[in-house]
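One file, model_27.pdb, is given below (PDB, C-alpha atoms).
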```
ATOM      1  CA  MET A 228       0.000   0.000   0.000
ATOM      2  CA  ARG A 229       2.829   2.399   0.634
ATOM      3  CA  GLU A 230       3.613   2.282  -3.085
ATOM      4  CA  HIS A 231       0.193   3.483  -4.289
ATOM      5  CA  ASP A 232       1.693   6.829  -5.390
ATOM      6  CA  ASN A 233       5.078   5.480  -6.537
ATOM      7  CA  GLY A 234       4.600   6.881 -10.045
ATOM      8  CA  TRP A 235       4.924  10.375  -8.553
ATOM      9  CA  ARG A 236       8.550   9.849  -7.432
ATOM     10  CA  GLU A 237      10.030  11.476 -10.513
ATOM     11  CA  ALA A 238       7.487  14.315 -10.571
ATOM     12  CA  ASP A 239       8.024  14.991  -6.859
ATOM     13  CA  ALA A 240      11.805  14.972  -7.267
ATOM     14  CA  ALA A 241      11.598  17.722  -9.899
ATOM     15  CA  PRO A 242       8.422  19.726  -9.246
ATOM     16  CA  ARG A 243       7.032  21.831 -12.070
ATOM     17  CA  TRP A 244       5.753  25.375 -11.903
ATOM     18  CA  ASP A 245       2.089  26.097 -12.635
ATOM     19  CA  PRO A 246       1.960  29.374 -14.598
ATOM     20  CA  GLU A 247      -1.788  29.812 -13.985
ATOM     21  CA  ARG A 248      -1.589  29.648 -10.197
ATOM     22  CA  ARG A 249       2.022  30.892 -10.103
ATOM     23  CA  ARG A 250       2.805  28.096  -7.637
ATOM     24  CA  PRO A 251       4.181  24.564  -7.928
ATOM     25  CA  HIS A 252       1.841  22.061  -9.557
ATOM     26  CA  ASP A 253       0.247  19.606  -7.180
ATOM     27  CA  PHE A 254      -1.404  16.280  -7.894
ATOM     28  CA  LEU A 255      -4.630  18.048  -8.860
ATOM     29  CA  THR A 256      -3.152  20.671 -11.198
ATOM     30  CA  MET A 257      -0.464  18.628 -12.956
ATOM     31  CA  PRO A 258      -1.053  18.743 -16.742
ATOM     32  CA  ARG A 259      -2.960  15.779 -18.134
ATOM     33  CA  PRO A 260      -0.090  14.197 -20.144
ATOM     34  CA  ALA A 261       2.185  14.277 -17.089
ATOM     35  CA  ARG A 262      -0.538  12.772 -14.887
ATOM     36  CA  ILE A 263      -1.172   9.993 -17.367
ATOM     37  CA  GLU A 264       2.548   9.249 -17.409
ATOM     38  CA  VAL A 265       2.608   9.163 -13.595
ATOM     39  CA  TRP A 266      -0.132   6.527 -13.370
ATOM     40  CA  GLU A 267       1.189   4.411 -16.238
ATOM     41  CA  ARG A 268       4.649   4.417 -14.636
ATOM     42  CA  GLY A 269       3.239   3.586 -11.200
ATOM     43  CA  VAL A 270       1.267   0.597 -12.441
ATOM     44  CA  SER A 271       3.980  -0.735 -14.750
ATOM     45  CA  ARG A 272       6.574  -0.848 -11.945
ATOM     46  CA  PHE A 273       4.570  -3.540 -10.167
ATOM     47  CA  ALA A 274       2.427  -5.238 -12.823
ATOM     48  CA  GLY A 275       4.838  -8.130 -13.447
ATOM     49  CA  GLU A 276       6.082  -9.127  -9.996
ATOM     50  CA  HIS A 277       3.366  -7.680  -7.748
ATOM     51  CA  PRO A 278       0.036  -7.660  -9.569
ATOM     52  CA  SER A 279      -1.851  -7.027  -6.301
ATOM     53  CA  ALA A 280       0.067  -3.777  -5.759
ATOM     54  CA  ALA A 281      -0.401  -2.772  -9.399
ATOM     55  CA  LEU A 282      -4.124  -3.513  -9.109
ATOM     56  CA  LEU A 283      -4.478  -1.234  -6.062
ATOM     57  CA  ILE A 284      -2.545   1.517  -7.858
ATOM     58  CA  THR A 285      -4.893   1.128 -10.828
ATOM     59  CA  ARG A 286      -7.992   1.345  -8.636
ATOM     60  CA  HIS A 287      -6.549   4.342  -6.819
ATOM     61  CA  ALA A 288      -5.948   6.149 -10.122
ATOM     62  CA  ARG A 289      -9.452   5.281 -11.356
ATOM     63  CA  ARG A 290     -10.980   6.602  -8.138
ATOM     64  CA  LEU A 291      -9.066   9.876  -8.406
ATOM     65  CA  HIS A 292     -10.191  10.357 -12.006
ATOM     66  CA  ARG A 293     -13.734   8.969 -11.777
ATOM     67  CA  ASP A 294     -15.298  12.394 -12.266
ATOM     68  CA  ARG A 295     -13.568  12.612 -15.651
ATOM     69  CA  ARG A 296     -15.293   9.517 -17.069
ATOM     70  CA  GLY A 297     -16.806  10.501 -20.402
ATOM     71  CA  ALA A 298     -14.489  13.499 -20.788
ATOM     72  CA  GLU A 299     -12.796  13.009 -24.139
ATOM     73  CA  ARG A 300      -9.341  14.107 -22.969
ATOM     74  CA  TRP A 301      -9.310  11.528 -20.149
ATOM     75  CA  GLN A 302     -11.122   8.672 -21.843
ATOM     76  CA  GLU A 303      -7.943   6.963 -23.076
ATOM     77  CA  LEU A 304      -6.415   6.835 -19.594
ATOM     78  CA  LEU A 305      -9.626   5.555 -18.022
ATOM     79  CA  GLU A 306     -10.061   2.871 -20.682
ATOM     80  CA  THR A 307      -6.432   1.808 -20.175
ATOM     81  CA  LEU A 308      -6.970   1.623 -16.415
ATOM     82  CA  ASP A 309     -10.154  -0.418 -16.901
ATOM     83  CA  GLU A 310      -8.291  -2.898 -19.099
ATOM     84  CA  LEU A 311      -5.342  -3.104 -16.710
ATOM     85  CA  GLU A 312      -7.651  -3.689 -13.778
ATOM     86  CA  ARG A 313      -9.338  -6.648 -15.460
ATOM     87  CA  GLY A 314      -6.011  -8.307 -16.258
ATOM     88  CA  LEU A 315      -4.457  -7.562 -12.884
ATOM     89  CA  ALA A 316      -7.498  -8.784 -10.957
ATOM     90  CA  GLU A 317      -7.228 -12.099 -12.779
ATOM     91  CA  ALA A 318      -3.462 -12.283 -12.156
ATOM     92  CA  THR A 319      -3.851 -11.806  -8.385
ATOM     93  CA  GLY A 320      -6.189 -14.761  -7.955
ATOM     94  CA  ALA A 321      -7.943 -12.760  -5.215
ATOM     95  CA  THR A 322     -11.693 -12.544  -4.875
ATOM     96  CA  GLU A 323     -13.496  -9.273  -5.575
ATOM     97  CA  GLU A 324     -14.307  -9.038  -1.856
ATOM     98  CA  GLU A 325     -10.607  -9.317  -0.924
ATOM     99  CA  ILE A 326      -9.615  -6.738  -3.546
ATOM    100  CA  ALA A 327     -12.383  -4.362  -2.438
ATOM    101  CA  ALA A 328     -11.330  -4.660   1.228
ATOM    102  CA  ASP A 329      -7.711  -3.817   0.353
ATOM    103  CA  ASP A 330      -8.879  -0.939  -1.824
ATOM    104  CA  ARG A 331     -11.033   0.502   0.993
ATOM    105  CA  LEU A 332      -8.049   0.346   3.345
ATOM    106  CA  LEU A 333      -5.882   2.131   0.775
ATOM    107  CA  ASP A 334      -8.539   4.791   0.152
ATOM    108  CA  ARG A 335      -9.033   5.378   3.873
ATOM    109  CA  SER A 336      -5.287   5.552   4.579
ATOM    110  CA  ASP A 337      -4.627   7.868   1.644
ATOM    111  CA  THR A 338      -7.450  10.223   2.645
ATOM    112  CA  LEU A 339      -6.302  10.327   6.276
ATOM    113  CA  SER A 340      -2.771  11.116   5.119
ATOM    114  CA  LEU A 341      -4.028  13.933   2.889
ATOM    115  CA  ALA A 342      -6.138  15.307   5.732
ATOM    116  CA  ALA A 343      -3.171  15.357   8.114
ATOM    117  CA  CYS A 344      -0.588  16.675   5.653
ATOM    118  CA  SER A 345      -2.929  19.312   4.208
ATOM    119  CA  ALA A 346      -4.363  20.371   7.594
ATOM    120  CA  TRP A 347      -8.013  19.832   6.645
ATOM    121  CA  THR A 348     -10.248  21.531   9.164
ATOM    122  CA  ASP A 349     -13.616  19.931   8.373
ATOM    123  CA  PRO A 350     -14.537  16.575   9.912
ATOM    124  CA  PHE A 351     -15.283  13.771   7.464
ATOM    125  CA  GLU A 352     -16.292  10.128   7.383
ATOM    126  CA  LEU A 353     -14.938   7.495   5.021
ATOM    127  CA  HIS A 354     -15.509   3.739   4.968
ATOM    128  CA  GLY A 355     -16.913   3.711   8.495
ATOM    129  CA  VAL A 356     -14.241   5.905  10.114
ATOM    130  CA  ARG A 357     -14.974   9.412  11.377
ATOM    131  CA  ALA A 358     -11.971  11.735  11.328
ATOM    132  CA  ARG A 359     -11.026  15.323  11.968
ATOM    133  CA  LEU A 360      -7.961  17.368  12.706
ATOM    134  CA  HIS A 361      -8.472  18.771  16.201
ATOM    135  CA  GLU A 362      -6.007  20.490  18.530
ATOM    136  CA  GLY A 363      -3.041  19.350  16.452
ATOM    137  CA  SER A 364      -4.096  15.698  16.294
ATOM    138  CA  LEU A 365      -5.784  13.603  13.649
ATOM    139  CA  ARG A 366      -8.740  12.193  15.605
ATOM    140  CA  LEU A 367     -10.305   8.866  14.565
ATOM    141  CA  ASP A 368     -13.410   6.908  15.538
ATOM    142  CA  PRO A 369     -13.247   3.995  15.795
ATOM    143  CA  PHE A 370      -9.655   4.286  16.967
ATOM    144  CA  PRO A 371      -7.558   1.364  15.670
ATOM    145  CA  LEU A 372      -4.476   1.715  17.888
ATOM    146  CA  ALA A 373      -3.724   0.905  21.537
ATOM    147  CA  GLY A 374      -3.066   4.572  22.303
ATOM    148  CA  ALA A 375      -2.242   7.920  20.741
ATOM    149  CA  THR A 376       0.680   7.622  18.337
ATOM    150  CA  THR A 377       2.852  10.190  16.589
ATOM    151  CA  PHE A 378       4.034   9.545  13.054
ATOM    152  CA  ARG A 379       7.042  11.339  11.596
ATOM    153  CA  ILE A 380       6.711  12.072   7.897
ATOM    154  CA  PRO A 381       9.893  13.132   6.083
ATOM    155  CA  CYS A 382       9.350  16.242   3.999
ATOM    156  CA  ARG A 383      10.911  19.341   2.520
ATOM    157  CA  ARG A 384       9.115  22.657   2.788
ATOM    158  CA  ILE A 385       9.336  25.630   0.491
ATOM    159  CA  ALA A 386       7.702  29.021   0.776
ATOM    160  CA  ALA A 387       4.215  29.448  -0.708
ATOM    161  CA  ARG A 388       5.159  32.136  -3.225
ATOM    162  CA  ASP A 389       5.473  32.815  -6.937
ATOM    163  CA  TYR A 390       8.653  31.193  -8.261
ATOM    164  CA  GLY A 391       8.360  32.580 -11.773
ATOM    165  CA  GLY A 392       9.276  29.317 -13.496
ATOM    166  CA  ASP A 393      10.626  25.775 -13.275
ATOM    167  CA  ALA A 394      14.266  26.857 -12.786
ATOM    168  CA  ALA A 395      13.544  29.081  -9.773
ATOM    169  CA  LEU A 396      11.262  26.473  -8.251
ATOM    170  CA  GLY A 397      13.854  23.753  -8.824
ATOM    171  CA  GLY A 398      16.573  25.813  -7.165
ATOM    172  CA  GLU A 399      14.418  26.512  -4.125
ATOM    173  CA  PHE A 400      13.413  22.877  -3.865
ATOM    174  CA  ALA A 401      16.993  21.631  -4.202
ATOM    175  CA  ALA A 402      18.103  23.971  -1.404
ATOM    176  CA  ALA A 403      15.274  22.984   0.942
ATOM    177  CA  ARG A 404      16.411  20.899   3.874
ATOM    178  CA  TRP A 405      14.752  17.667   4.839
ATOM    179  CA  GLY A 406      12.632  17.860   7.951
ATOM    180  CA  GLU A 407       9.729  16.039   9.531
ATOM    181  CA  LEU A 408       6.033  16.653   9.742
ATOM    182  CA  MET A 409       4.795  15.291  13.058
ATOM    183  CA  VAL A 410       1.306  13.844  12.883
ATOM    184  CA  ARG A 411      -0.305  12.740  16.139
ATOM    185  CA  VAL A 412      -3.152  10.257  15.762
ATOM    186  CA  ALA A 413      -5.550   9.977  18.698
ATOM    187  CA  PRO A 414      -9.128   8.946  19.511
ATOM    188  CA  PHE A 415     -11.923  11.145  18.166
ATOM    189  CA  ALA A 416     -12.868  14.005  20.478
ATOM    190  CA  PRO A 417     -16.241  15.734  20.041
TER     191      PRO A 417
END
```
File written out as structure tokens:
Amino acid sequence: MREHDNGWREADAAPRWDPERRRPHDFLTMPRPARIEVWERGVSRFAGEHPSAALLITRHARRLHRDRRGAERWQELLETLDELERGLAEATGATEEEIAADDRLLDRSDTLSLAACSAWTDPFELHGVRARLHEGSLRLDPFPLAGATTFRIPCRRIAARDYGGDAALGGEFAAARWGELMVRVAPFAP
């Protein structure tokens, strides 16, 4: 599951500037051809030796792009993902129930990670888990751990400003030191 976004490694290592927003592209604003490349790369890394991982990556990509179904520019990617999913599901030998359970866990984990890393303020519920960021902690109900736990997420931070282009952004990113984002996970508090 930790590899569900592995296709982004190259894009994250050399972030691109978004001239419309005058900020770095993120996973929502990345141009379509680059996004397609990301998902194709992510699936192909695992399709041969780890079809279960590739299948979850495929489902993750389909979920993220589901609102584009029928949009001509995205149809090719979605049809490719549909075809890959059929072949990968067969290669895993897993039942649809097993695949769906793994996919729900991936979706829940990914959404909780986004909530914590992006400092979402609104509570939400997903796959039977209520969550919200409250008093510096990601609060969950039901709570799956024995007690509150702090996760350390390696990251580099750059200023939220206009970089004027890929070269300036790349220089800033290259100079940014590695640090940690501390995410405390605790039981849900009303």
TODO: Determine the residue membership of the PyMOL selection byres ((chain A and resi 413) around 10) for the file above and supply it as a list of chain:residue names.
DONE: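 With the shown file as input, the PyMOL selection byres ((chain A and resi 413) around 10) matches A:Ala358, A:Leu360, A:His361, A:Gly363, A:Ser364, A:Leu365, A:Arg366, A:Leu367, A:Asp368, A:Phe370, A:Pro371, A:Leu372, A:Ala373, A:Gly374, A:Ala375, A:Thr376, A:Thr377, A:Val410, A:Arg411, A:Val412, A:Pro414, A:Phe415, A:Ala416.
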TODO: Measure the distance from atom CA of Glu407 of chain A to atom CA of Ile380 of chain A in Å and round it to one decimal.
DONE: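 Atom-to-atom, atom CA of Glu407 of chain A and atom CA of Ile380 of chain A are spaced 5.2 Å apart.
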- [ ] Tell me which protein, DNA and RNA residues are within 8 Å of Val270 of chain A, counting all atoms listed in the file, leaving out same-chain ones fewer than 6 positions away, and put them as a PyMOL selection string.
- [x] chain A and resi 234+281-282+284-285
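Counting all atoms listed in the file and comparing A:His231, A:Pro258, A:Leu408, A:Glu324, the residue that lies closest to Ser345 of chain A is A:Leu408.
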- [ ] List the residues matched by the PyMOL selection byres ((chain A and resi 330-340) around 8) in the displayed structure as a ChimeraX atom specification, ordered by chain and then by residue number.
- [x] /A:228,283,286-287,326-329,341-344,353-354,358
Open item on the list: With distances taken over only C-alpha atoms, which residue among A:Phe273, A:Thr322, A:Arg259, A:Ala280 lies nearest Arg300 of chain A?
Closed with: A:Arg259
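For the atom pair formed by atom CA of His277 of chain A and atom CA of Thr319 of chain A, the distance is 8.3 Å, given to one decimal.
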Task: Pairwise distance for atom CA of Arg268 of chain A and atom CA of Glu299 of chain A, rounded to one decimal in Å - done: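 So the answer is 21.6 Å.
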Task: Top pick for closest residue to Ala387 of chain A, considering A:Gly275, A:Arg313, A:Arg250, A:Trp347 and counting all atoms listed in the file - done: A:Arg250
Task: Selected residue, from A:Ser279, A:Thr307, A:Thr348, A:Phe400, that lies nearest to Asp239 of chain A when counting all atoms listed in the file - done: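 Between A:Ser279, A:Thr307, A:Thr348, A:Phe400, the residue approaching Asp239 of chain A most closely is A:Phe400.
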Convert the output of the PyMOL selection byres ((chain A and resi 248) around 12) on the shown file into explicit residues, formatted as an mmCIF file with C-alpha atoms, in the frame of the given file.
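Full text of part01.cif as output:
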```cif
data_model
loop_
_atom_site.group_PDB
_atom_site.id
_atom_site.type_symbol
_atom_site.label_atom_id
_atom_site.label_comp_id
_atom_site.auth_asym_id
_atom_site.auth_seq_id
_atom_site.Cartn_x
_atom_site.Cartn_y
_atom_site.Cartn_z
ATOM 1 C CA ARG A 243 7.032 21.831 -12.070
ATOM 2 C CA TRP A 244 5.753 25.375 -11.903
ATOM 3 C CA ASP A 245 2.089 26.097 -12.635
ATOM 4 C CA PRO A 246 1.960 29.374 -14.598
ATOM 5 C CA GLU A 247 -1.788 29.812 -13.985
ATOM 6 C CA ARG A 249 2.022 30.892 -10.103
ATOM 7 C CA ARG A 250 2.805 28.096 -7.637
ATOM 8 C CA PRO A 251 4.181 24.564 -7.928
ATOM 9 C CA HIS A 252 1.841 22.061 -9.557
ATOM 10 C CA ASP A 253 0.247 19.606 -7.180
ATOM 11 C CA THR A 256 -3.152 20.671 -11.198
ATOM 12 C CA MET A 257 -0.464 18.628 -12.956
ATOM 13 C CA ALA A 387 4.215 29.448 -0.708
ATOM 14 C CA ARG A 388 5.159 32.136 -3.225
ATOM 15 C CA ASP A 389 5.473 32.815 -6.937
ATOM 16 C CA TYR A 390 8.653 31.193 -8.261
ATOM 17 C CA GLY A 391 8.360 32.580 -11.773
ATOM 18 C CA GLY A 392 9.276 29.317 -13.496
#
```
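With distances taken from (15.0, 15.1, -4.6) and restricted to all atoms listed in the file, the residues inside 7 Å are Ala240, Ala241 and Ala401 of chain A.
Each of A:Phe351, A:Arg295, A:Glu276, A:Ala238 was checked against Arg262 of chain A using all atoms listed in the file; the smallest atom-to-atom distance is that of A:Ala238.
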Centre, x/y/z edge lengths, axis-aligned box for segment 255-270 of chain A with 8 Å per side, as lines of an AutoDock Vina configuration file:
```
center_x = 0.0
center_y = 10.6
center_z = -14.5
size_x = 25.3
size_y = 36.1
size_z = 27.3
```
Task: Counting only C-alpha atoms, the option among A:Glu267, A:Glu230, A:Asp294, A:Asp349 closest to Leu308 of chain A - done: A:Glu267
